[in-house]
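I have placed the structure first, in the form of structure tokens, so that the comments after it can refer back to it.
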Amino acid sequence: MIRVRESFRAKLLSAFLATVGLLLVVTFAVVRTVTERQVEDVAERTVQRAGNLFEARNQVRREAVTVLSRPFTETPRAMQRLRQALRDNDLEYLAGELVYEMDLQAQEDALVVFTNDEGRPALTMVAGEVYFESDPAGIQPMAEQLLFGDSLETRGYRVLDGTMYDVRATYLEYRRQPVGTAAIGFPIRAEDIEEIGEVGGFEGCLAHDGTCVVSSAGVYPELEEAMLASVGRTRPLRMDSGGMEWSIRAEPLVPSRPGEGHRVVAVPLGTVLAPFDSILRALFLGGALALTLAVAFGVRLSRSLTDPVRVLVDASGRVAAGDYETEVSIESRDELGTLASAFNDMTKGLLMREQYRSVLNKVVSQDIAEELMRGDVELGGETRDVTVLFADIRGFTSLTEAMVPHDVIALLNECMEYLASAVDREGGVVDKFIGDEIMAVFGAPVRQEDHAVRALRAALLMRDCLVDFNRRRTERGEGVVGLGIGIATGRAVAGNMGSRDRMNYTVLGRTVNLAARLTSEAAAGEIIVSDATREAAGVDFVATPLGGRELKGFSERVEVYSVERLATGTGPRLVRALAPLILATALGGPAAAPAAAQLPTLADAGIGYLSRDGSVQLDLSGRLDLESYVFSNEEDGLYGLAFGSGFLFAPRVRLFLDTFFGDHVYGLVEWRGDRGEAPTADFWEARVEQAFLRVTTGDGTVSLQGGIFASPFGSYTQRHLTVTDPFLRPPLPYDYRTVISRRFAPRDESAFLRWQDNPEEWRRDGAPPVWGVPYQWGGMATVTVSRVAVRIAAMNTPPSSEPLDWYELDRVDDAFSWIAGLQVRVSPELNLGASYNNGPYVPTDVDNAPAFPLSGTTYDQEIWAVDASFARGPVMLRAEFLHDAWDVPNLDERAVDVGYTFEAQTDVAAGWSVAARYGRLDFRELGPGLRAWDYDVDRIEAAVAYRIAINAGVVTTYSTTTNGSASEPRGHLGGVRLWWGF
Amino acid sequence: MKHTSTALAFVGSAVLLVGPPGVRAQATGTITGTVTLEPPPPPRRSASRYAGGSQRIQIMQQTQAVVFLRGAPAGAPPSGYDDNPQMVQQDSLFVPSTIALMVGGTVDFPNSDPIFHNVFSYSSAKRFDLGRYPQGESRSVTFDQAGIVEVGCEVHDHMAGAIVVTENPWHAVAGEGGTFVIGGVPPGEYTLVAWHAEHDQEERTVTVEAGGTTRIEVELRR
């Protein structure tokens, strides 16, 4: 019944989801392709622009050094001077003049080389150094090219002492005769690359011999490595680093001489991808909305079909159970309406028929009535071999003398009901009730070969039933009754007898009379049968011969027997044991309650263990969360976790093993598979998240717990999501301490799991934690008296509150925090709590704050918190206030921050709930040294949740966060989660 | 005083004529001969960016070969020895283009052109720069060290002059066809040096006899 409904809804939902999903996938694919094309295009253009800008800027610098070179290369005097100097091998003087000129032109950082007419450098000046007759800059090949070739000028790049020079070499002649060459170069500085990088929107580097000789300031080691790796590749290199995507391309500075170096340009694709990311984000949000709508719409649509169907199915069930007065009222005018009215017509017909049958049943036996209704029975009359049974209640008259008539009839009816059901059970027919006597026939109108056995078994059953009946009467303090039974077998005339208007199917003849007489002979509790009956029944019964009897109306003596029991020993006991059950079944079973909609669970599949004596119980349950976030603050990522993309898909699956040993020991192990405690984009991990053992006293007053579990700070804690928590709680720093949100399912009024709680229930409801700092280990003691719960715990120190740190820093195993808590259930509606935490914390490593000695170093922290929750009907309100004082490294004064949160939540329709939340973190008492920590945070959150089934649902959330500093968390965040507790 | 290029031969012959003044004619000899110059290779190309003011005149002024004796006694210069010759800047040329001069002599550089000229030298024997000066003005340089002084003009790179400063007065600038005559040389064995700006210098041993004439043929290679 339920399966059909579920299946139709599933089909409808599948169709909706598949359509929306396909649309999303196709759109996604198209956007992705267009993005890729656009990225290639932009990268290509940026690289071209980079080349042009580089050339243009170098041209300017080149012209500046040309001014410097002119006095040394462009006058006859200079030529003569050079020639003379080369001839005399006396370049000191020339060097002096050069230095003078370079100072004059403010070109001290230029590279100047003069060679003789054979190309050998005679004078090299660079970076304030003068070299004679050596070639530190490797100019000779350029000079030889000029002197022995045809060109007058050549250009190239030279690296000297880690500086790259753009060099121009010129052929020099005096009076048409070669004098030598002059090479003038200027250094290419990081500022040059940075300026054109800023204009062109890229990072650049000049690579030579496997190193970046010059690079813009934005180039960090990882990027530099990739840039060097791109040298020599023909295709652009794509790289994802530090949350940024890059397209990197290298081109030789001089195409014909790649050995002189490469110009490498890294184009950041963030700005290119940003619009597409926005589209993707919009697509995701729209998709999530569409999916939610599809689910909601599908559910509604399926309801509009399944609800009438269920009404019809329920009605059919009632009709099947015999309630023919059932009428369905379906308002809709569609096919279902037509079906409903057809159904109503049908039940009317059935009702009529049933009324006839019921009348018949009351008049004649049910079997006969049915045979009559079917028209199978010949009513003319026939001779049959039958067994007739009379049962007579003894002591009835004396018992009922003092009773009012109504009670007499009630007693009689109750008694006859028992007797008649025994007849029915053996396939006999109750022919009639005669006062306190019942007459039953076996073998007519339906032929039965074993009518004698059936009659005997019915008699024994009657006797046993009466024992049970009397026992119950005795318990009620009422008098008992006896029963005399007589059975005879033989031929009898069977047929409808009576007037035309009123007929009665019955048997007549000697056998009937004999049975009636034998009944008179039987004492209370005795079963007297005729010889013929005993013979027909064979050896299945233990019977005592009573000898021949003279009976009134019978000329011959009749041999009679008293039947004790069935021949097989166990039979009667078994029948006796089953008698109440049989009777209960005969009198109508309990109506089957319709099950609530629920997706399959491990318990359904029979997974689990229960020992024979019930002392050891293992329950396995799980929960699947498919959770995604989109957020505006791409730069910081999802609070440090997913840089650059603006999207995080964080699915997780959890398995819980609840173990009960006896009545006082409980253990829990949780395995979790997800993208890590701090989810990262390309990471999967499975681990034991919590594992603890708890011993509880018999009455549950005191419990001791040890192992790995979440800090018990607060009556509620952010880390512990329940299904009643309508919010998604992304991994936000600063939120880890906040105490609102129930740790366990609402059934657990004390907020601490106790022996009495039903773990299976709250597992499925999603009690376990989701985000949080890596779980600590420690011990906890809880005392619960009446409405007050007090707890005290010692827990070791987790890594800092920043998710990014969780894989960088270690838990500090030898530094413990003391945690104390008090919770008072003022009324079933109002709960108040107070918490205290005093102990070490590990400062964050996220910013690599140099002043912080990290990993293993802790500072003290003291937190107070109070919280309250109020629930009435569908409305739930919560509030908390938290005061946190913490030591700051290298400073004497303590920083204080105050956080408070308000939440309201209500159910709006079947399965739907909405919630809103405001939270603020206010940093106080920050002296001059602490200003850097002034990160006031305001957050407004809204959420909508829908329950698809008891153990599955969808939660969507939106939050906006503003921050007093430029640091995260800040921005908009949307999230959606699909969950299934199994 | 005006000189023309045709006057160069005359000057040379004047030295020849003046050389043996008769008083010690019997005690001296004469060296005569020709200096042949290997022709210059065609210029490889023209680096036009040295245009300057020389664009109009494509022909490079050539200096002449000079021969002089090394190792001869200094002695007093013969009478009539001109130790203050002129090198005029005329029609954007140095006239004469070549002067041989004994140490201590002074050369005047008058400018007879209507444009500014600038005479300079970077030669190690005498480094000087007379700066720019107009028509009619003259500046002088005294050469106190033997050696070759090549002279140029700052603005006209086709102009070229040479002043060969020698230790003794026995020298001659080769004339038309490279002929030269050094007269009044005291008898003895000397080293004759033949020099030209764009050729490798050559040296020969010469023996001068009183009253005799020694012929020397020298070919200078580039």
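Chain identifiers are assigned as A, B, and so on, following the order in which chains appear in the structure tokens; residues are numbered from 1 within each chain, and ligands are numbered from 1 in order of appearance.
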
Write out as a PyMOL selection string the residues lying within 9 Å of Val119 (chain B), counting only C-alpha atoms and excluding same-chain residues fewer than 2 positions away. chain B and resi 109+117+121+128-132+151-154

So that I can check the secondary structure, give me every residue of region 49-181 of chain B assigned strand (DSSP E or B) by backbone DSSP, as a PyMOL selection string. chain B and resi 66-70+86+88-90+93-95+98-102+106-111+117-121+128-133+138-142+147-153+160-166+171-173+179-181

Neighbour list for region 516-533 of chain A as a count of residues only, cut-off 10 Å, only C-alpha atoms, skip fewer than 3 positions in-chain: 60

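The closest residue to Met244 (chain A), picked from A:Val26, A:Leu412, A:Leu283, A:Ala274 and counting only C-alpha atoms, is A:Ala274.
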
Excluding region 163-168 of chain B and its own-chain neighbours fewer than 6 positions away, which residues fall within 8 Å of it when counting only C-alpha atoms? Please give them as a PyMOL selection string. chain B and resi 66+68-70+72-75+77+98-103+143+145-151
